[in-house]
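Read the structure below first, then the notes.
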Amino acid sequence: MRIKKILLALVLLVAVVGLACHRRDHASSDERIQWVIWENPKSLDPAMASEANVTETLASVYEPLLQYHYVKRPYTLIPGLSDGMPNYSKDGKTVTIKIKSGIRFQDDPCFSDGLGRTVTAHDFVFAWKRIADPKVQSDGWWIFEDRIVGLDEWRLRQSKAEISNYDESLEGLKAVDDQTLVVKLKKPYRQFNYVLAMIYTAPVPKEAVSKYGKDFSWHPVGTGPFKLTEFTRGSRIVFEKNPNFREEYFPDKQLADGVDLDKRLPLASGVVINIILERQPIWLSFTSGKLDWSRIFKDNFAAALTPDKKLAPDLAAKGIKLTRYDSTTQWWISFNMRDPVVGKNKLLRKAIGLAYDAQREIDLFMGGNAIVANQILPPGIAGFDFAKPPKTYDVEKAKEVLAQAGFPGGKGLPPITLDLEGSGVQRQFGEYFKDQMSKIGIQINVVLNTRPELFDKKRRSKTQVIIDGWVADYPDAQNYLQLLYSKNKSPGPNYSSFENAEFDKLYLQVADMEPGAARSQLIKRMNAILDEEAPWIPVRVDTISMVTQGWFKNFVHLEPGGNPFKYQKVDLETKKRLLKNF
């Protein structure tokens, strides 16, 4: 009997080893990029591309008129679907954009013969009207609001109509022929070229919107290098190479890790976006060779990095590479200014800010990989005030200010609700926030939400306190300052619904100015208003640490958005060799 048990165990062991070898052999022959995101996208509609993970995913399918050069820094705009850079009139108010000829949408059943048709300037007009259409409720309306002649008025008319009229001609947005788009601005818009590089503004075929209706969110049809073949919510999104993709090549042969630079893009056969909601499974998937890329998260800093922030030797021995950069990702405590408790009492908001230890948060949750924020802009954006004193953490002062607010020791103050996303890390963070506020007598109720639930609450001003953040859509101060501009209040990106006449006036001045001393001086005053009114309490600016496998070629981080996947490649020979180390 014992011999039979041993033989059975050996058979099972051989089977398991064989299965493991089969899986490894299969992995070593898969040249698709294995990427990861840690949230379920709320939509794959470019009109809803407000979140970094959505933008990153959609960049496989949709392309705007302009794009960022993949390797040049500072970030430099170059033509995408446009034939050359936009042409501006002398007064800066008329923009003429030529569309590249021969661009085709991806093949899709929405077209009469199933074959992707040629893109025209009319497709941009249609897509931009969708952003303005109040029935679509696009997150991106702020990029066009009060900018294009006639578009705000068109939006208002559609809000009163049962069915929006996309056939109505607009003076400020015209396709004068199939290859020419003309935009008339109400006044010069210094950031307009940046807007033309955002996924929001990518062309959308009306055939797809008509065919799929409400399901269009999950049936993307664009011009990009990849097309959607599978979407399993909570699991993965799979893209394969688009045979209709235009002729394009790698932009710079100086990249040291470059391979196949004379080969037509995209270099990879496909992209698999793995959706893994918890951080630890992401790290385990990466360190077992199943993912080509990963962020280094809080719980993995000690294992991944040495005390001097170098890559741990055991990871380096596997061929893994480390990339670190100071990001434009900034986080803050955001108060709903419409709320009758926190919104009406700035001393209460200031007390919360004084009682919150941002440095300890960075040490606990970021492994020290961040800096304490003290103003509206992160250091990487022109206009940042390097002379501004650091954020103050003072519990005793917080108690004094809370008493001045009318709640000595927290007496008479009802519990305050902090809305967070419901992941493991966020649960820990909620407990940390509660502990911080308990030091001055404030009770906190933590409510955990799914990402779509929290986003919906923010849009409808149904939160009291949230932790909000922003990564630059484009490298300009206006992109951050507009988050406190009153006309952008919820459901726009000003989720605090802050309103201040002086701040608004300064914002309009700053938005039209070039970076420089005069602009920085106005931003300094805007920081002072933020300090005084406290709709936000700045918390941290992230330092991002990422790791990539040794077989993953041409990786460059592209923070303002764009399509990095078309430049990247999995080297199968290197992958097969390095997987033996895992």
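Identifiers in this document derive from the order of the structure tokens: chains are assigned A, B, ..., residues are numbered from 1 separately in each chain, and ligands are numbered from 1 in order of occurrence.
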
Review point. Where in stretch 212-285 of chain A does DSSP assign strand (DSSP E or B), given as a VMD selection string?
Key: chain A and resid 226 to 232 236 to 241 270 to 275

For N, CA and C atoms, I'd like the residues from the last selection saved as a PDB file, in the first residue's frame.
ATOM      1  N   PHE A 226      -4.123  48.862 -32.299  1.00  0.00           N
ATOM      2  CA  PHE A 226      -4.706  47.612 -31.826  1.00  0.00           C
ATOM      3  C   PHE A 226      -6.230  47.711 -31.818  1.00  0.00           C
ATOM      4  N   LYS A 227      -6.895  46.563 -31.892  1.00  0.00           N
ATOM      5  CA  LYS A 227      -8.357  46.538 -31.837  1.00  0.00           C
ATOM      6  C   LYS A 227      -8.797  45.545 -30.765  1.00  0.00           C
ATOM      7  N   LEU A 228      -9.917  45.856 -30.151  1.00  0.00           N
ATOM      8  CA  LEU A 228     -10.427  45.030 -29.057  1.00  0.00           C
ATOM      9  C   LEU A 228     -10.922  43.688 -29.580  1.00  0.00           C
ATOM     10  N   THR A 229     -10.514  42.607 -28.910  1.00  0.00           N
ATOM     11  CA  THR A 229     -11.017  41.272 -29.257  1.00  0.00           C
ATOM     12  C   THR A 229     -11.697  40.587 -28.082  1.00  0.00           C
ATOM     13  N   GLU A 230     -11.424  41.062 -26.862  1.00  0.00           N
ATOM     14  CA  GLU A 230     -12.029  40.432 -25.686  1.00  0.00           C
ATOM     15  C   GLU A 230     -12.095  41.430 -24.545  1.00  0.00           C
ATOM     16  N   PHE A 231     -13.218  41.447 -23.843  1.00  0.00           N
ATOM     17  CA  PHE A 231     -13.327  42.231 -22.614  1.00  0.00           C
ATOM     18  C   PHE A 231     -14.092  41.406 -21.591  1.00  0.00           C
ATOM     19  N   THR A 232     -13.410  41.047 -20.512  1.00  0.00           N
ATOM     20  CA  THR A 232     -14.026  40.314 -19.423  1.00  0.00           C
ATOM     21  C   THR A 232     -13.871  41.159 -18.168  1.00  0.00           C
ATOM     22  N   ARG A 236      -9.758  40.724 -17.785  1.00  0.00           N
ATOM     23  CA  ARG A 236      -8.774  41.226 -18.731  1.00  0.00           C
ATOM     24  C   ARG A 236      -9.430  41.861 -19.948  1.00  0.00           C
ATOM     25  N   ILE A 237      -8.622  42.673 -20.643  1.00  0.00           N
ATOM     26  CA  ILE A 237      -9.005  43.294 -21.907  1.00  0.00           C
ATOM     27  C   ILE A 237      -7.918  42.909 -22.904  1.00  0.00           C
ATOM     28  N   VAL A 238      -8.322  42.343 -24.029  1.00  0.00           N
ATOM     29  CA  VAL A 238      -7.347  41.828 -24.993  1.00  0.00           C
ATOM     30  C   VAL A 238      -7.462  42.603 -26.308  1.00  0.00           C
ATOM     31  N   PHE A 239      -6.310  43.041 -26.810  1.00  0.00           N
ATOM     32  CA  PHE A 239      -6.238  43.735 -28.087  1.00  0.00           C
ATOM     33  C   PHE A 239      -5.307  42.960 -29.024  1.00  0.00           C
ATOM     34  N   GLU A 240      -5.652  42.937 -30.298  1.00  0.00           N
ATOM     35  CA  GLU A 240      -4.758  42.356 -31.289  1.00  0.00           C
ATOM     36  C   GLU A 240      -4.364  43.429 -32.289  1.00  0.00           C
ATOM     37  N   LYS A 241      -3.297  43.182 -33.032  1.00  0.00           N
ATOM     38  CA  LYS A 241      -2.785  44.159 -33.991  1.00  0.00           C
ATOM     39  C   LYS A 241      -3.862  44.514 -35.004  1.00  0.00           C
ATOM     40  N   GLY A 270       0.020  42.059 -29.990  1.00  0.00           N
ATOM     41  CA  GLY A 270      -1.189  42.367 -29.238  1.00  0.00           C
ATOM     42  C   GLY A 270      -0.854  42.833 -27.839  1.00  0.00           C
ATOM     43  N   VAL A 271      -1.880  43.227 -27.108  1.00  0.00           N
ATOM     44  CA  VAL A 271      -1.734  43.697 -25.732  1.00  0.00           C
ATOM     45  C   VAL A 271      -2.811  43.040 -24.881  1.00  0.00           C
ATOM     46  N   VAL A 272      -2.407  42.491 -23.753  1.00  0.00           N
ATOM     47  CA  VAL A 272      -3.360  41.954 -22.781  1.00  0.00           C
ATOM     48  C   VAL A 272      -3.317  42.855 -21.551  1.00  0.00           C
ATOM     49  N   ILE A 273      -4.432  43.545 -21.296  1.00  0.00           N
ATOM     50  CA  ILE A 273      -4.545  44.391 -20.106  1.00  0.00           C
ATOM     51  C   ILE A 273      -5.158  43.525 -19.006  1.00  0.00           C
ATOM     52  N   ASN A 274      -4.349  43.047 -18.091  1.00  0.00           N
ATOM     53  CA  ASN A 274      -4.832  42.231 -16.980  1.00  0.00           C
ATOM     54  C   ASN A 274      -5.433  43.142 -15.912  1.00  0.00           C
ATOM     55  N   ILE A 275      -6.650  42.844 -15.483  1.00  0.00           N
ATOM     56  CA  ILE A 275      -7.310  43.626 -14.437  1.00  0.00           C
ATOM     57  C   ILE A 275      -7.157  42.848 -13.130  1.00  0.00           C
TER      58      ILE A 275
END

Go through stretch 462-559 of chain A and flag each residue having an atom no more than 10 Å from stretch 43-65 of chain A; for those, report the closest pair of atoms plus their distance in Å to one decimal, using only C-alpha atoms, ordered by chain and rising number, as CSV.
residue,atom,partner,partner_atom,distance
A:Trp470,CA,A:Glu51,CA,8.9
A:Val471,CA,A:Ala52,CA,7.5
A:Ala472,CA,A:Ala52,CA,9.5
A:Asp473,CA,A:Ala52,CA,8.9
A:Pro493,CA,A:Ser50,CA,9.0
A:Leu558,CA,A:Glu56,CA,9.7
A:Glu559,CA,A:Ala52,CA,9.2

Output for the residues just chosen: N, CA and C atoms as a PDB file, in the first residue's frame:
ATOM      1  N   TRP A 470      -4.710  63.773  -9.063  1.00  0.00           N
ATOM      2  CA  TRP A 470      -4.652  64.191 -10.468  1.00  0.00           C
ATOM      3  C   TRP A 470      -3.269  63.909 -11.030  1.00  0.00           C
ATOM      4  N   VAL A 471      -3.258  63.347 -12.211  1.00  0.00           N
ATOM      5  CA  VAL A 471      -2.016  63.231 -12.966  1.00  0.00           C
ATOM      6  C   VAL A 471      -2.203  64.087 -14.213  1.00  0.00           C
ATOM      7  N   ALA A 472      -1.181  64.818 -14.605  1.00  0.00           N
ATOM      8  CA  ALA A 472      -1.322  65.828 -15.651  1.00  0.00           C
ATOM      9  C   ALA A 472      -1.846  65.244 -16.956  1.00  0.00           C
ATOM     10  N   ASP A 473      -2.915  65.850 -17.478  1.00  0.00           N
ATOM     11  CA  ASP A 473      -3.350  65.557 -18.843  1.00  0.00           C
ATOM     12  C   ASP A 473      -2.346  66.124 -19.831  1.00  0.00           C
ATOM     13  N   PRO A 493     -14.645  68.586 -13.291  1.00  0.00           N
ATOM     14  CA  PRO A 493     -13.513  68.084 -12.501  1.00  0.00           C
ATOM     15  C   PRO A 493     -13.246  68.813 -11.194  1.00  0.00           C
ATOM     16  N   LEU A 558       5.346  57.382 -20.374  1.00  0.00           N
ATOM     17  CA  LEU A 558       4.735  58.502 -21.091  1.00  0.00           C
ATOM     18  C   LEU A 558       3.593  59.030 -20.228  1.00  0.00           C
ATOM     19  N   GLU A 559       3.913  59.937 -19.305  1.00  0.00           N
ATOM     20  CA  GLU A 559       2.935  60.311 -18.285  1.00  0.00           C
ATOM     21  C   GLU A 559       1.734  61.106 -18.791  1.00  0.00           C
TER      22      GLU A 559
END

Alpha helix (DSSP H) call set, DSSP backbone run, stretch 120-330 of chain A, as an mmCIF file with N, CA and C atoms, in the first residue's frame:
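Written file, result.cif:
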data_model
loop_
_atom_site.group_PDB
_atom_site.id
_atom_site.type_symbol
_atom_site.label_atom_id
_atom_site.label_comp_id
_atom_site.auth_asym_id
_atom_site.auth_seq_id
_atom_site.Cartn_x
_atom_site.Cartn_y
_atom_site.Cartn_z
ATOM 1 N N ALA A 121 -12.650 64.640 -41.766
ATOM 2 C CA ALA A 121 -12.773 65.718 -40.783
ATOM 3 C C ALA A 121 -14.149 65.717 -40.124
ATOM 4 N N HIS A 122 -15.152 65.193 -40.822
ATOM 5 C CA HIS A 122 -16.508 65.130 -40.270
ATOM 6 C C HIS A 122 -16.559 64.242 -39.027
ATOM 7 N N ASP A 123 -15.681 63.242 -38.949
ATOM 8 C CA ASP A 123 -15.663 62.358 -37.780
ATOM 9 C C ASP A 123 -15.185 63.088 -36.533
ATOM 10 N N PHE A 124 -14.305 64.068 -36.708
ATOM 11 C CA PHE A 124 -13.868 64.876 -35.572
ATOM 12 C C PHE A 124 -14.997 65.796 -35.115
ATOM 13 N N VAL A 125 -15.715 66.382 -36.056
ATOM 14 C CA VAL A 125 -16.854 67.239 -35.706
ATOM 15 C C VAL A 125 -17.865 66.436 -34.892
ATOM 16 N N PHE A 126 -18.168 65.232 -35.349
ATOM 17 C CA PHE A 126 -19.119 64.371 -34.648
ATOM 18 C C PHE A 126 -18.617 64.032 -33.240
ATOM 19 N N ALA A 127 -17.352 63.648 -33.127
ATOM 20 C CA ALA A 127 -16.795 63.264 -31.824
ATOM 21 C C ALA A 127 -16.795 64.433 -30.852
ATOM 22 N N TRP A 128 -16.468 65.627 -31.337
ATOM 23 C CA TRP A 128 -16.410 66.782 -30.454
ATOM 24 C C TRP A 128 -17.807 67.237 -30.039
ATOM 25 N N LYS A 129 -18.767 67.077 -30.910
ATOM 26 C CA LYS A 129 -20.148 67.376 -30.516
ATOM 27 C C LYS A 129 -20.633 66.396 -29.455
ATOM 28 N N ARG A 130 -20.182 65.147 -29.531
ATOM 29 C CA ARG A 130 -20.535 64.181 -28.484
ATOM 30 C C ARG A 130 -20.025 64.652 -27.119
ATOM 31 N N ILE A 131 -18.819 65.237 -27.105
ATOM 32 C CA ILE A 131 -18.278 65.747 -25.846
ATOM 33 C C ILE A 131 -19.160 66.875 -25.310
ATOM 34 N N ALA A 132 -19.687 67.686 -26.226
ATOM 35 C CA ALA A 132 -20.537 68.814 -25.825
ATOM 36 C C ALA A 132 -21.972 68.405 -25.527
ATOM 37 N N LEU A 151 -20.367 76.521 -29.773
ATOM 38 C CA LEU A 151 -20.506 75.169 -29.211
ATOM 39 C C LEU A 151 -21.282 75.178 -27.889
ATOM 40 N N ASP A 152 -21.064 76.168 -27.038
ATOM 41 C CA ASP A 152 -21.813 76.248 -25.777
ATOM 42 C C ASP A 152 -23.299 76.453 -26.061
ATOM 43 N N GLU A 153 -23.588 77.289 -27.052
ATOM 44 C CA GLU A 153 -24.987 77.537 -27.406
ATOM 45 C C GLU A 153 -25.632 76.265 -27.982
ATOM 46 N N TRP A 154 -24.889 75.519 -28.777
ATOM 47 C CA TRP A 154 -25.395 74.243 -29.309
ATOM 48 C C TRP A 154 -25.696 73.284 -28.158
ATOM 49 N N ARG A 155 -24.806 73.240 -27.193
ATOM 50 C CA ARG A 155 -25.000 72.366 -26.026
ATOM 51 C C ARG A 155 -26.294 72.731 -25.290
ATOM 52 N N LEU A 156 -26.524 74.020 -25.100
ATOM 53 C CA LEU A 156 -27.729 74.469 -24.403
ATOM 54 C C LEU A 156 -28.988 74.071 -25.172
ATOM 55 N N ARG A 157 -28.949 74.220 -26.492
ATOM 56 C CA ARG A 157 -30.125 73.837 -27.306
ATOM 57 C C ARG A 157 -30.395 72.330 -27.201
ATOM 58 N N GLN A 158 -29.342 71.543 -27.177
ATOM 59 C CA GLN A 158 -29.545 70.089 -27.100
ATOM 60 C C GLN A 158 -30.067 69.665 -25.732
ATOM 61 N N SER A 159 -29.753 70.445 -24.710
ATOM 62 C CA SER A 159 -30.260 70.111 -23.373
ATOM 63 C C SER A 159 -31.777 70.248 -23.306
ATOM 64 N N LYS A 160 -32.329 71.049 -24.219
ATOM 65 C CA LYS A 160 -33.783 71.257 -24.244
ATOM 66 C C LYS A 160 -34.481 70.392 -25.283
ATOM 67 N N PHE A 192 -4.567 74.698 -26.496
ATOM 68 C CA PHE A 192 -5.376 73.961 -27.458
ATOM 69 C C PHE A 192 -4.615 72.803 -28.107
ATOM 70 N N ASN A 193 -3.342 72.987 -28.395
ATOM 71 C CA ASN A 193 -2.572 71.880 -28.959
ATOM 72 C C ASN A 193 -2.501 70.696 -27.994
ATOM 73 N N TYR A 194 -2.395 70.995 -26.709
ATOM 74 C CA TYR A 194 -2.425 69.911 -25.720
ATOM 75 C C TYR A 194 -3.763 69.173 -25.771
ATOM 76 N N VAL A 195 -4.837 69.932 -25.905
ATOM 77 C CA VAL A 195 -6.173 69.333 -25.992
ATOM 78 C C VAL A 195 -6.256 68.393 -27.192
ATOM 79 N N LYS A 206 -19.773 57.613 -36.393
ATOM 80 C CA LYS A 206 -21.174 57.665 -35.963
ATOM 81 C C LYS A 206 -21.856 56.318 -36.165
ATOM 82 N N GLU A 207 -21.362 55.511 -37.128
ATOM 83 C CA GLU A 207 -21.949 54.191 -37.359
ATOM 84 C C GLU A 207 -21.862 53.322 -36.100
ATOM 85 N N ALA A 208 -20.721 53.426 -35.376
ATOM 86 C CA ALA A 208 -20.536 52.619 -34.163
ATOM 87 C C ALA A 208 -21.459 53.094 -33.050
ATOM 88 N N VAL A 209 -21.567 54.405 -32.884
ATOM 89 C CA VAL A 209 -22.440 54.958 -31.850
ATOM 90 C C VAL A 209 -23.886 54.578 -32.140
ATOM 91 N N SER A 210 -24.268 54.619 -33.416
ATOM 92 C CA SER A 210 -25.640 54.270 -33.816
ATOM 93 C C SER A 210 -25.928 52.790 -33.611
ATOM 94 N N LYS A 211 -24.988 51.936 -34.008
ATOM 95 C CA LYS A 211 -25.225 50.494 -33.926
ATOM 96 C C LYS A 211 -25.263 49.987 -32.481
ATOM 97 N N TYR A 212 -24.316 50.452 -31.664
ATOM 98 C CA TYR A 212 -24.178 49.880 -30.323
ATOM 99 C C TYR A 212 -24.942 50.641 -29.253
ATOM 100 N N ARG A 279 -3.231 44.678 -4.848
ATOM 101 C CA ARG A 279 -1.828 44.959 -5.159
ATOM 102 C C ARG A 279 -0.923 43.725 -5.048
ATOM 103 N N GLN A 280 -1.105 42.912 -4.015
ATOM 104 C CA GLN A 280 -0.194 41.791 -3.814
ATOM 105 C C GLN A 280 -0.266 40.774 -4.951
ATOM 106 N N PRO A 281 -1.454 40.409 -5.440
ATOM 107 C CA PRO A 281 -1.489 39.516 -6.605
ATOM 108 C C PRO A 281 -0.799 40.095 -7.845
ATOM 109 N N ILE A 282 -0.840 41.413 -7.993
ATOM 110 C CA ILE A 282 -0.118 42.040 -9.113
ATOM 111 C C ILE A 282 1.371 41.762 -8.976
ATOM 112 N N TRP A 283 1.896 42.000 -7.772
ATOM 113 C CA TRP A 283 3.329 41.823 -7.558
ATOM 114 C C TRP A 283 3.733 40.359 -7.744
ATOM 115 N N LEU A 284 2.928 39.442 -7.242
ATOM 116 C CA LEU A 284 3.230 38.023 -7.393
ATOM 117 C C LEU A 284 3.190 37.613 -8.862
ATOM 118 N N SER A 285 2.247 38.171 -9.609
ATOM 119 C CA SER A 285 2.172 37.863 -11.043
ATOM 120 C C SER A 285 3.406 38.364 -11.776
ATOM 121 N N PHE A 286 3.867 39.563 -11.395
ATOM 122 C CA PHE A 286 5.066 40.101 -12.045
ATOM 123 C C PHE A 286 6.300 39.276 -11.685
ATOM 124 N N THR A 287 6.497 38.994 -10.412
ATOM 125 C CA THR A 287 7.719 38.301 -9.984
ATOM 126 C C THR A 287 7.722 36.829 -10.392
ATOM 127 N N PHE A 301 7.833 47.549 -1.334
ATOM 128 C CA PHE A 301 9.012 48.408 -1.392
ATOM 129 C C PHE A 301 10.220 47.739 -0.730
ATOM 130 N N ALA A 302 10.004 47.140 0.441
ATOM 131 C CA ALA A 302 11.120 46.548 1.165
ATOM 132 C C ALA A 302 11.754 45.402 0.384
ATOM 133 N N ALA A 303 10.918 44.614 -0.312
ATOM 134 C CA ALA A 303 11.438 43.473 -1.069
ATOM 135 C C ALA A 303 12.047 43.896 -2.398
ATOM 136 N N ALA A 304 11.544 44.994 -2.969
ATOM 137 C CA ALA A 304 11.958 45.378 -4.323
ATOM 138 C C ALA A 304 13.124 46.346 -4.354
ATOM 139 N N PRO A 313 18.940 42.973 -5.370
ATOM 140 C CA PRO A 313 19.815 42.093 -6.164
ATOM 141 C C PRO A 313 19.119 40.859 -6.720
ATOM 142 N N ASP A 314 18.183 40.246 -5.962
ATOM 143 C CA ASP A 314 17.535 39.032 -6.458
ATOM 144 C C ASP A 314 16.665 39.317 -7.673
ATOM 145 N N LEU A 315 16.088 40.531 -7.740
ATOM 146 C CA LEU A 315 15.292 40.907 -8.920
ATOM 147 C C LEU A 315 16.214 41.232 -10.098
ATOM 148 N N ALA A 316 17.292 41.928 -9.817
ATOM 149 C CA ALA A 316 18.236 42.263 -10.885
ATOM 150 C C ALA A 316 18.808 40.995 -11.514
#

Exercise for review: Work out how far apart atom CA of A:Phe144 and atom CA of A:Lys187 are and give it in Å to one decimal.
Suggested key: 12.0 Å
